[in-house]
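J.: Coordinates in upload_37.cif, mmCIF, C-alpha atoms, are listed below.
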```cif
data_final
loop_
_atom_site.label_atom_id
_atom_site.label_comp_id
_atom_site.auth_asym_id
_atom_site.auth_seq_id
_atom_site.Cartn_x
_atom_site.Cartn_y
_atom_site.Cartn_z
CA MET A 1118 -20.93 36.55 -21.03
CA LEU A 1119 -18.69 34.70 -18.59
CA TRP A 1120 -15.57 35.59 -20.59
CA ASN A 1121 -16.54 39.29 -20.67
CA ALA A 1122 -17.09 39.17 -16.89
CA PHE A 1123 -13.64 37.64 -16.49
CA LEU A 1124 -12.01 40.37 -18.61
CA LEU A 1125 -13.83 43.09 -16.62
CA ALA A 1126 -12.63 41.48 -13.39
CA LEU A 1127 -9.01 41.52 -14.61
CA ARG A 1128 -9.37 45.16 -15.63
CA GLU A 1129 -10.62 46.16 -12.18
CA ILE A 1130 -7.84 44.16 -10.49
CA ARG A 1131 -5.18 45.89 -12.62
CA ARG A 1132 -6.74 49.27 -11.90
CA ASN A 1133 -6.25 48.77 -8.14
CA LEU A 1134 -3.29 46.40 -8.20
CA MET A 1135 -1.96 47.05 -4.68
CA ARG A 1136 -5.39 46.89 -3.08
CA SER A 1137 -6.16 43.67 -4.94
CA PHE A 1138 -2.89 42.11 -3.75
CA LEU A 1139 -3.49 43.06 -0.14
CA THR A 1140 -7.06 41.75 -0.41
CA SER A 1141 -5.94 38.35 -1.65
CA LEU A 1142 -3.04 38.20 0.83
CA GLY A 1143 -5.23 36.51 3.42
CA ILE A 1144 -6.04 33.77 0.91
CA VAL A 1145 -2.35 33.45 0.00
CA ILE A 1146 -1.32 32.99 3.63
CA GLY A 1147 -4.21 30.64 4.36
CA VAL A 1148 -3.58 28.33 1.41
CA ALA A 1149 0.19 28.37 2.00
CA ALA A 1150 -0.22 27.60 5.70
CA VAL A 1151 -2.62 24.68 5.13
CA ILE A 1152 -0.48 23.05 2.43
CA THR A 1153 2.77 23.61 4.35
CA MET A 1154 1.43 22.15 7.60
CA VAL A 1155 -0.02 19.09 5.88
CA THR A 1156 3.15 18.56 3.81
CA LEU A 1157 5.39 18.72 6.88
CA GLY A 1158 3.04 16.45 8.81
CA SER A 1159 3.02 13.91 5.97
CA GLY A 1160 6.82 14.07 5.83
CA ALA A 1161 7.09 13.47 9.58
CA THR A 1162 4.69 10.51 9.33
CA LYS A 1163 6.69 9.01 6.47
CA LYS A 1164 9.93 9.44 8.42
CA VAL A 1165 8.44 7.69 11.45
CA LYS A 1166 7.35 4.76 9.29
CA GLU A 1167 10.75 4.53 7.62
CA GLN A 1168 12.58 4.58 10.95
CA ILE A 1169 10.31 1.96 12.47
CA ALA A 1170 10.74 -0.15 9.32
CA SER A 1171 14.52 0.15 9.68
CA LEU A 1172 14.23 -1.70 13.00
CA GLY A 1173 12.63 -4.60 11.16
CA THR A 1174 9.03 -5.03 10.05
CA ASN A 1175 9.04 -8.56 11.48
CA LEU A 1176 10.23 -7.51 14.94
CA LEU A 1177 8.50 -8.18 18.26
CA VAL A 1178 9.64 -6.56 21.51
CA VAL A 1179 8.84 -8.27 24.82
CA ARG A 1180 9.13 -6.02 27.89
CA PRO A 1181 8.19 -6.26 31.57
CA GLY A 1182 5.10 -4.23 32.44
CA GLN A 1183 4.81 -1.34 34.87
CA GLY A 1184 1.75 -0.31 36.83
CA PHE A 1185 -0.09 -3.61 36.16
CA ARG A 1186 -2.75 -4.90 38.53
CA GLY A 1187 -1.65 -8.00 40.38
CA HIS A 1188 -3.16 -9.93 43.28
CA GLY A 1189 -6.04 -8.10 44.92
CA GLY A 1190 -5.99 -5.36 42.29
CA VAL A 1191 -2.86 -3.80 43.78
CA ARG A 1192 -0.62 -2.04 41.28
CA GLY A 1193 2.99 -3.11 41.18
CA THR A 1194 6.15 -3.17 39.11
CA ALA A 1195 6.77 -6.40 37.23
CA LYS A 1196 9.92 -8.40 37.77
CA PRO A 1197 12.38 -8.36 34.86
CA PHE A 1198 12.99 -11.32 32.56
CA ASP A 1199 16.02 -13.60 32.69
CA VAL A 1200 18.00 -15.47 30.05
CA LYS A 1201 15.90 -18.61 30.51
CA ASP A 1202 12.82 -16.71 29.33
CA ALA A 1203 14.55 -15.83 26.06
CA GLU A 1204 15.80 -19.41 25.69
CA ALA A 1205 12.26 -20.70 26.23
CA ILE A 1206 10.90 -18.43 23.50
CA ALA A 1207 13.59 -19.58 21.06
CA ARG A 1208 13.00 -23.23 21.96
CA GLU A 1209 9.21 -23.47 22.19
CA ILE A 1210 7.75 -20.86 19.80
CA PRO A 1211 7.59 -21.91 16.12
CA GLY A 1212 8.15 -19.48 13.25
CA ILE A 1213 10.94 -17.51 14.95
CA GLU A 1214 14.09 -16.41 13.14
CA GLY A 1215 16.08 -15.05 16.07
CA VAL A 1216 15.85 -14.04 19.75
CA ALA A 1217 18.05 -11.41 21.39
CA PRO A 1218 17.78 -10.81 25.16
CA THR A 1219 19.14 -7.37 26.13
CA ALA A 1220 19.87 -5.32 29.22
CA GLY A 1221 21.37 -1.87 29.48
CA ALA A 1222 22.80 0.75 31.78
CA PRO A 1223 24.11 4.32 31.45
CA ILE A 1224 27.89 4.48 31.57
CA GLN A 1225 30.91 6.71 31.06
CA ALA A 1226 33.22 5.65 28.23
CA ILE A 1227 36.83 6.85 28.64
CA LEU A 1228 39.73 6.91 26.19
CA GLY A 1229 42.80 8.83 27.41
CA ASN A 1230 41.61 12.36 28.18
CA ARG A 1231 38.36 11.90 26.23
CA ASN A 1232 35.14 10.68 27.83
CA TRP A 1233 31.55 10.28 26.68
CA SER A 1234 28.35 9.49 28.58
CA THR A 1235 26.44 6.82 26.71
CA MET A 1236 24.37 3.67 27.08
CA VAL A 1237 25.96 0.23 27.27
CA THR A 1238 23.81 -2.64 26.03
CA GLY A 1239 24.48 -6.27 26.81
CA SER A 1240 23.23 -8.84 24.33
CA THR A 1241 24.28 -11.57 21.93
CA ASN A 1242 25.24 -11.56 18.26
CA ALA A 1243 21.56 -12.12 17.52
CA PHE A 1244 20.99 -8.48 18.51
CA MET A 1245 22.54 -7.28 15.25
CA GLU A 1246 20.55 -9.75 13.18
CA VAL A 1247 17.21 -9.20 14.89
CA ARG A 1248 17.54 -5.40 14.87
CA ASP A 1249 18.83 -5.43 11.28
CA TRP A 1250 21.93 -3.57 12.45
CA PRO A 1251 25.01 -4.96 10.69
CA LEU A 1252 28.65 -4.20 11.42
CA GLU A 1253 30.36 -1.53 9.38
CA ARG A 1254 33.76 -2.98 10.24
CA GLY A 1255 35.33 -5.41 12.66
CA ARG A 1256 33.85 -8.70 13.84
CA PRO A 1257 31.02 -9.96 16.09
CA PHE A 1258 31.53 -11.67 19.46
CA THR A 1259 32.91 -15.21 19.45
CA ASP A 1260 31.08 -17.99 21.30
CA SER A 1261 33.87 -18.19 23.86
CA GLU A 1262 33.69 -14.42 24.50
CA GLN A 1263 29.95 -14.65 25.11
CA ARG A 1264 30.23 -17.67 27.42
CA ALA A 1265 33.16 -16.29 29.42
CA GLY A 1266 31.85 -12.72 29.64
CA SER A 1267 34.96 -11.25 28.01
CA ALA A 1268 35.72 -7.52 28.11
CA VAL A 1269 35.15 -6.79 24.41
CA CYS A 1270 32.83 -4.21 22.88
CA ILE A 1271 31.29 -2.99 19.63
CA LEU A 1272 30.79 0.76 19.27
CA GLY A 1273 27.94 2.75 17.74
CA LYS A 1274 28.93 5.44 15.25
CA THR A 1275 28.32 8.33 17.66
CA VAL A 1276 30.48 6.84 20.41
CA CYS A 1277 33.18 5.99 17.87
CA LYS A 1278 33.20 9.56 16.56
CA GLU A 1279 33.27 11.15 20.03
CA LEU A 1280 36.09 8.98 21.35
CA PHE A 1281 38.19 8.32 18.27
CA GLY A 1282 37.32 11.02 15.72
CA ASN A 1283 38.82 9.81 12.44
CA GLU A 1284 41.15 7.28 14.09
CA ASP A 1285 40.71 3.53 13.71
CA PRO A 1286 39.17 2.14 16.94
CA LEU A 1287 39.67 -1.57 16.22
CA GLY A 1288 41.93 -3.21 18.78
CA VAL A 1289 42.09 -0.11 21.00
CA VAL A 1290 41.29 -0.47 24.71
CA ILE A 1291 38.71 1.88 26.32
CA ARG A 1292 37.45 1.98 29.90
CA LEU A 1293 33.86 1.37 31.02
CA LYS A 1294 33.26 1.66 34.76
CA ARG A 1295 37.00 1.27 35.47
CA ILE A 1296 37.07 -1.91 33.38
CA SER A 1297 39.19 -2.12 30.25
CA PHE A 1298 37.33 -3.23 27.10
CA ARG A 1299 38.88 -3.98 23.73
CA VAL A 1300 37.04 -2.59 20.70
CA ILE A 1301 36.39 -5.35 18.15
CA GLY A 1302 33.83 -3.71 15.85
CA VAL A 1303 31.78 -0.66 14.82
CA LEU A 1304 28.06 -0.78 14.05
CA LYS A 1305 26.65 0.70 10.85
CA GLU A 1306 25.06 4.13 11.30
CA LYS A 1307 21.34 4.16 12.16
CA GLY A 1308 20.75 7.88 12.63
CA GLU A 1309 18.28 9.71 14.86
CA SER A 1310 14.65 8.93 15.54
CA THR A 1311 11.87 11.42 14.85
CA PHE A 1312 11.90 12.44 18.50
CA GLY A 1313 15.64 13.11 18.60
CA THR A 1314 16.92 9.86 20.11
CA ASP A 1315 20.36 9.00 18.76
CA TRP A 1316 20.31 5.28 18.06
CA ASP A 1317 24.06 5.31 17.34
CA ASP A 1318 24.89 6.42 20.89
CA ILE A 1319 25.43 2.84 22.08
CA ILE A 1320 28.13 0.40 23.15
CA LEU A 1321 27.33 -3.28 22.66
CA ILE A 1322 28.99 -5.86 24.92
CA PRO A 1323 28.28 -9.56 25.64
CA LEU A 1324 25.24 -10.01 27.88
CA ARG A 1325 27.14 -12.04 30.46
CA THR A 1326 29.81 -9.35 30.63
CA LEU A 1327 27.20 -6.70 31.42
CA GLN A 1328 25.57 -8.82 34.08
CA ARG A 1329 28.82 -9.84 35.81
CA ARG A 1330 30.89 -6.66 35.54
CA ILE A 1331 28.47 -3.74 35.10
CA THR A 1332 25.03 -4.33 36.64
CA GLY A 1333 25.79 -7.22 38.99
CA ASN A 1334 22.45 -8.97 38.32
CA THR A 1335 20.83 -11.30 35.79
CA ASP A 1336 17.96 -9.01 34.79
CA ILE A 1337 16.81 -8.79 31.17
CA ASN A 1338 15.02 -5.55 30.20
CA ASN A 1339 13.94 -6.47 26.65
CA ILE A 1340 13.68 -9.55 24.49
CA TYR A 1341 13.78 -8.82 20.75
CA VAL A 1342 12.19 -11.50 18.58
CA SER A 1343 12.34 -11.61 14.78
CA VAL A 1344 9.66 -13.60 12.98
CA LEU A 1345 10.36 -15.63 9.83
CA ASP A 1346 7.12 -14.66 8.06
CA VAL A 1347 5.48 -11.26 8.56
CA SER A 1348 2.05 -12.80 8.02
CA SER A 1349 2.52 -15.01 11.11
CA ILE A 1350 3.40 -12.17 13.51
CA ASP A 1351 0.00 -12.26 15.23
CA ASN A 1352 0.25 -16.00 15.86
CA VAL A 1353 3.80 -15.73 17.20
CA LYS A 1354 2.77 -12.80 19.40
CA HIS A 1355 -0.12 -14.81 20.85
CA ASP A 1356 2.15 -17.82 21.49
CA ILE A 1357 4.72 -15.64 23.29
CA GLU A 1358 2.01 -14.11 25.49
CA ARG A 1359 0.73 -17.57 26.39
CA LEU A 1360 4.24 -18.86 27.17
CA MET A 1361 5.17 -15.83 29.30
CA ARG A 1362 1.95 -16.12 31.32
CA GLU A 1363 2.85 -19.71 32.07
CA ARG A 1364 6.47 -18.94 32.98
CA ARG A 1365 5.51 -15.96 35.16
CA HIS A 1366 2.68 -17.90 36.86
CA ILE A 1367 -0.08 -15.44 35.98
CA SER A 1368 -3.48 -16.81 36.94
CA PRO A 1369 -6.51 -16.60 34.61
CA GLY A 1370 -8.21 -13.23 35.01
CA GLU A 1371 -5.06 -11.43 36.12
CA ASP A 1372 -3.45 -8.73 33.97
CA ASP A 1373 -0.25 -9.49 32.12
CA ASP A 1374 2.83 -8.08 33.82
CA PHE A 1375 4.60 -7.79 30.47
CA HIS A 1376 3.99 -6.35 26.99
CA VAL A 1377 4.55 -7.82 23.55
CA ARG A 1378 4.74 -5.05 20.97
CA ASP A 1379 5.21 -5.35 17.22
CA MET A 1380 6.45 -2.67 14.86
CA ARG A 1381 3.09 -2.33 13.16
CA GLU A 1382 1.47 -1.37 16.45
CA ILE A 1383 4.21 1.15 17.24
CA THR A 1384 3.98 2.57 13.71
CA GLN A 1385 0.22 3.01 14.04
CA ILE A 1386 0.56 4.77 17.39
CA LEU A 1387 3.26 7.19 16.23
CA SER A 1388 1.69 7.74 12.81
CA GLY A 1389 -1.69 8.38 14.42
CA THR A 1390 -0.12 10.98 16.70
CA THR A 1391 1.56 12.85 13.84
CA GLN A 1392 -1.62 12.70 11.74
CA VAL A 1393 -3.74 14.14 14.55
CA LEU A 1394 -1.24 16.96 15.06
CA THR A 1395 -1.19 17.58 11.31
CA SER A 1396 -4.99 17.78 11.21
CA LEU A 1397 -5.06 20.23 14.13
CA LEU A 1398 -2.40 22.45 12.58
CA GLY A 1399 -4.16 22.31 9.22
CA ALA A 1400 -7.46 23.29 10.84
CA VAL A 1401 -5.84 26.23 12.62
CA ALA A 1402 -4.20 27.33 9.38
CA ALA A 1403 -7.55 27.06 7.56
CA VAL A 1404 -8.95 29.78 9.83
CA SER A 1405 -6.79 32.31 7.97
CA LEU A 1406 -8.65 31.34 4.78
CA VAL A 1407 -11.90 32.44 6.40
CA VAL A 1408 -10.24 35.66 7.52
CA GLY A 1409 -9.04 36.18 3.95
CA GLY A 1410 -12.60 35.63 2.70
CA ILE A 1411 -13.89 38.30 5.08
CA GLY A 1412 -11.26 40.65 3.65
CA ILE A 1413 -12.49 39.94 0.12
CA MET A 1414 -16.09 40.63 1.12
CA ASN A 1415 -15.06 43.89 2.78
CA ILE A 1416 -13.17 45.14 -0.28
CA MET A 1417 -15.92 44.06 -2.65
CA LEU A 1418 -18.46 46.02 -0.61
CA VAL A 1419 -16.17 49.05 -0.86
CA SER A 1420 -15.87 48.44 -4.60
CA VAL A 1421 -19.66 48.34 -4.99
CA THR A 1422 -19.92 51.69 -3.20
CA GLU A 1423 -17.18 53.24 -5.34
CA ARG A 1424 -18.70 51.98 -8.60
CA THR A 1425 -22.33 52.74 -7.84
CA ARG A 1426 -22.66 55.16 -10.80
CA GLU A 1427 -21.04 52.59 -13.13
CA ILE A 1428 -23.49 49.95 -11.95
CA GLY A 1429 -26.40 52.35 -12.39
CA THR A 1430 -25.28 53.16 -15.93
CA ARG A 1431 -25.07 49.47 -16.88
CA LEU A 1432 -28.49 48.78 -15.44
CA ALA A 1433 -29.96 51.85 -17.15
CA ILE A 1434 -28.77 50.82 -20.61
CA GLY A 1435 -30.24 47.34 -20.31
CA ALA A 1436 -27.85 45.14 -18.29
CA LEU A 1437 -29.66 42.39 -16.40
CA GLU A 1438 -29.33 41.95 -12.67
CA ARG A 1439 -27.79 38.52 -13.13
CA GLU A 1440 -25.10 40.04 -15.41
CA VAL A 1441 -24.14 42.59 -12.74
CA LEU A 1442 -24.18 39.87 -10.08
CA LEU A 1443 -22.00 37.67 -12.27
CA GLN A 1444 -19.51 40.50 -12.88
CA PHE A 1445 -18.86 41.13 -9.19
CA LEU A 1446 -18.99 37.44 -8.27
CA VAL A 1447 -16.39 36.61 -10.94
CA GLU A 1448 -14.21 39.45 -9.66
CA ALA A 1449 -14.29 37.99 -6.12
CA VAL A 1450 -13.56 34.49 -7.43
CA VAL A 1451 -10.65 35.74 -9.56
CA LEU A 1452 -9.18 37.50 -6.52
CA SER A 1453 -9.45 34.37 -4.39
CA SER A 1454 -8.19 32.03 -7.12
CA LEU A 1455 -5.16 34.23 -7.80
CA GLY A 1456 -4.50 34.19 -4.07
CA GLY A 1457 -4.85 30.41 -4.10
CA ILE A 1458 -2.34 30.02 -6.94
CA MET A 1459 0.17 32.31 -5.22
CA GLY A 1460 -0.40 30.43 -1.96
CA ILE A 1461 0.34 27.08 -3.64
CA ILE A 1462 3.59 28.40 -5.12
CA LEU A 1463 4.59 29.89 -1.76
CA ALA A 1464 3.67 26.67 0.09
CA LEU A 1465 5.70 24.40 -2.18
CA THR A 1466 8.72 26.70 -1.90
CA VAL A 1467 8.54 27.00 1.89
CA SER A 1468 7.80 23.27 2.33
CA ALA A 1469 10.80 22.27 0.23
CA TRP A 1470 13.02 24.50 2.39
CA LEU A 1471 11.57 23.43 5.74
CA THR A 1472 11.79 19.72 4.95
CA ARG A 1473 15.53 20.14 4.38
CA VAL A 1474 15.90 22.10 7.61
CA LEU A 1475 13.82 19.64 9.68
CA LEU A 1476 15.34 16.59 7.94
CA VAL A 1477 11.99 15.07 6.96
CA PRO A 1478 11.00 13.80 3.50
CA PHE A 1479 9.19 16.13 1.11
CA VAL A 1480 5.84 14.49 0.35
CA PHE A 1481 4.03 16.02 -2.62
CA ASP A 1482 0.32 15.51 -2.09
CA PRO A 1483 -1.80 16.75 -5.03
CA THR A 1484 -4.97 16.02 -3.06
CA ILE A 1485 -4.33 18.63 -0.36
CA ILE A 1486 -3.28 21.14 -3.03
CA PHE A 1487 -6.54 20.58 -4.89
CA ILE A 1488 -8.57 20.81 -1.66
CA ALA A 1489 -6.83 24.03 -0.58
CA PHE A 1490 -7.35 25.63 -4.00
CA ALA A 1491 -10.99 24.49 -4.16
CA PHE A 1492 -11.52 25.89 -0.66
CA SER A 1493 -10.08 29.23 -1.75
CA LEU A 1494 -12.52 29.29 -4.69
CA GLY A 1495 -15.35 28.43 -2.32
CA VAL A 1496 -14.34 31.25 -0.02
CA GLY A 1497 -14.41 33.66 -3.00
CA ILE A 1498 -17.87 32.52 -4.04
CA PHE A 1499 -19.29 32.54 -0.51
CA PHE A 1500 -17.93 35.91 0.58
CA GLY A 1501 -18.30 37.50 -2.86
CA TYR A 1502 -21.96 36.64 -3.29
CA PHE A 1503 -23.34 39.20 -0.82
CA PRO A 1504 -21.53 42.23 -2.34
CA ALA A 1505 -22.43 40.98 -5.84
CA ARG A 1506 -26.08 40.60 -4.86
CA LYS A 1507 -26.06 44.08 -3.36
CA ALA A 1508 -24.69 45.50 -6.60
CA ALA A 1509 -27.26 43.63 -8.71
CA HIS A 1510 -30.17 44.96 -6.65
CA LEU A 1511 -29.23 48.65 -6.81
CA ASN A 1512 -31.92 50.99 -8.05
CA PRO A 1513 -30.63 52.41 -11.37
CA ILE A 1514 -32.07 55.90 -10.77
CA GLU A 1515 -30.64 56.17 -7.27
CA ALA A 1516 -27.33 54.71 -8.47
CA LEU A 1517 -27.05 57.38 -11.23
CA ARG A 1518 -27.65 60.12 -8.64
CA HIS A 1519 -24.90 58.74 -6.40
CA GLU A 1520 -21.90 61.03 -5.91
#
```
In structure tokens, write the structure found in this file.

T.:
Amino acid sequence: MLWNAFLLALREIRRNLMRSFLTSLGIVIGVAAVITMVTLGSGATKKVKEQIASLGTNLLVVRPGQGFRGHGGVRGTAKPFDVKDAEAIAREIPGIEGVAPTAGAPIQAILGNRNWSTMVTGSTNAFMEVRDWPLERGRPFTDSEQRAGSAVCILGKTVCKELFGNEDPLGVVIRLKRISFRVIGVLKEKGESTFGTDWDDIILIPLRTLQRRITGNTDINNIYVSVLDVSSIDNVKHDIERLMRERRHISPGEDDDFHVRDMREITQILSGTTQVLTSLLGAVAAVSLVVGGIGIMNIMLVSVTERTREIGTRLAIGALEREVLLQFLVEAVVLSSLGGIMGIILALTVSAWLTRVLLVPFVFDPTIIFIAFAFSLGVGIFFGYFPARKAAHLNPIEALRHE
């Protein structure tokens, strides 16, 4: 009986092919929109995790706080760190692999008639180890260059491309704030973050050079700390917080005027944001599935009216009400399932194209495909039941008299 109902449904769909396609179009768009939004959101989440992981899964970042509550509950801006704070962390905290104090400032890099606005970062050789950012070519700073504050620099790939193009930058002198710096190395390419920040738009110089010749102070904006064992990150983080409270003379009960962040925490925050946005977009896209279901119900009601005499004939020659109900219900489900299949094909095609355009990974998730298809079937059953019930409850005599 079910097979015969399926064949009758296919016959009716072929008889009104264009109307059937337009009816299921709402389901097609709904399924495609839901799958595409979730696929893009999953790709963006994966890209965020990969980019955070590229910074180092065992990385802690210590930063001065802003807007903290100090004495008397008054909000203020925390004082920056200094080199001695970084030295204290390296000396007193166990389980640490490396510590890199950094400070930065915007600057104009000049080479001949070319110039480029970028960010200059002062740090030590530990910066490249802690940030997992090796040299592509050239050499790191020597100990004497770091102690003396020599005018040498290491370029990020973006700065190297903008100033030198395809030329070799090693040994060439560029100007930063009217000071001549010799290029001794080029960092390996990192790429862009999910939010469009170009990590390669950087010039690295010795920390003492930045403080003496660029900023004119001893401030440290960030302290990057790499931990030997990932499992001990929480302990190291707690020890750093305790040490910084002591060094910054924070009394018990007062808020910290600094932050210690680890990559897991940052990953959770960013991933949570992308997942919430994905859920919202998926929910909005799912509304079109409901609209498509209303379209199916509308067309099925029209079909019942058009085929009233056919229904009356079937009932008159002995067809049961449940057989008529099943026939129209199967027809609605076939329409919605065909729309679901076409929507899946469309979604995978569009998602594959958009992921290449947006430069995010393509994440194939069979779960969301199954859910979207099951939802389309549910829509067909829910919105097809009322027209099918109406057809099954027609009076055979009145149906045969229908013109």

J.: For Glu1358 in chain A, work out the shell of residues within 10 Å, counting only C-alpha atoms and skipping chain neighbours fewer than 5 positions away, then give it as a ChimeraX atom specification.

T.: /A:1179,1352-1353,1363-1364,1373,1375-1377

J.: Extract, using only C-alpha atoms, all DNA, RNA and protein residues at most 8 Å from range 1399-1405 of chain A, discarding same-chain residues fewer than 6 positions from it, and format them as a PDB file with C-alpha atoms, in the coordinates of the input.

T.:
```
ATOM      1  CA  GLY A1143      -5.230  36.510   3.420  1.00  0.00           C
ATOM      2  CA  ILE A1144      -6.040  33.770   0.910  1.00  0.00           C
ATOM      3  CA  ILE A1146      -1.320  32.990   3.630  1.00  0.00           C
ATOM      4  CA  GLY A1147      -4.210  30.640   4.360  1.00  0.00           C
ATOM      5  CA  VAL A1148      -3.580  28.330   1.410  1.00  0.00           C
ATOM      6  CA  ALA A1150      -0.220  27.600   5.700  1.00  0.00           C
ATOM      7  CA  VAL A1151      -2.620  24.680   5.130  1.00  0.00           C
ATOM      8  CA  ILE A1152      -0.480  23.050   2.430  1.00  0.00           C
ATOM      9  CA  MET A1154       1.430  22.150   7.600  1.00  0.00           C
ATOM     10  CA  VAL A1155      -0.020  19.090   5.880  1.00  0.00           C
TER      11      VAL A1155
END
```

J.: Leaving out Gly1266 in chain A and any residue of its chain fewer than 5 positions from it, which residues lie within 7 Å of it when counting only C-alpha atoms, given as a ChimeraX atom specification?

T.: /A:1323,1325-1326

J.: Restricting the calculation to all atoms listed in the file, which member of A:Thr1259, A:Asn1415, A:Asn1175, A:Ser1420 is positioned closest to Asp1379 in chain A?

T.: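 Closest residue, counting all atoms listed in the file: A:Asn1175.
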
J.: Please, what distance in Å, to one decimal, runs between CA of Val1347 in chain A and CA of Asp1199 in chain A?

T.: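 Separation of CA of Val1347 in chain A and CA of Asp1199 in chain A: 26.4 Å.
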
J.: Quick check on the file I pasted: which residues fall under the PyMOL selection byres ((chain A and resi 1245) around 12)? Write them as a count of residues only.

T.: 37

J.: Grab the CA of Ala1505 in chain A to CA of Val1451 in chain A distance for me, in Å with one decimal place.

T.: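 Interatomic distance here is 13.4 Å.
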
J.: Evaluated on this file, the PyMOL selection byres ((chain A and resi 1345) around 7) picks out some residues - which ones are they, written as a count of residues only?

T.: 7

J.: Here's the selection I'm unsure about, the PyMOL selection byres ((chain A and resi 1201) around 12); applied to the file above, which residues does it give, as a list in words?

T.: Pro1197, Phe1198, Asp1199, Val1200, Asp1202, Ala1203, Glu1204, Ala1205, Ile1206, Ala1207, Arg1208, Glu1209, Val1216, Ala1217, Pro1218, Thr1335, Asp1336, Ile1337, Ile1340, Met1361, Arg1364 and Arg1365 of chain A

J.: How many Å separate CA of Arg1132 in chain A from CA of Ala1491 in chain A?

T.: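 So the two atoms, CA of Arg1132 in chain A and CA of Ala1491 in chain A, lie 26.3 Å apart.
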
J.: Anything within 9 Å of (-12.2, 32.0, -2.7): list those residues as a count of residues only, counting all atoms listed in the file and sticking to the file's coordinates.

T.: 27
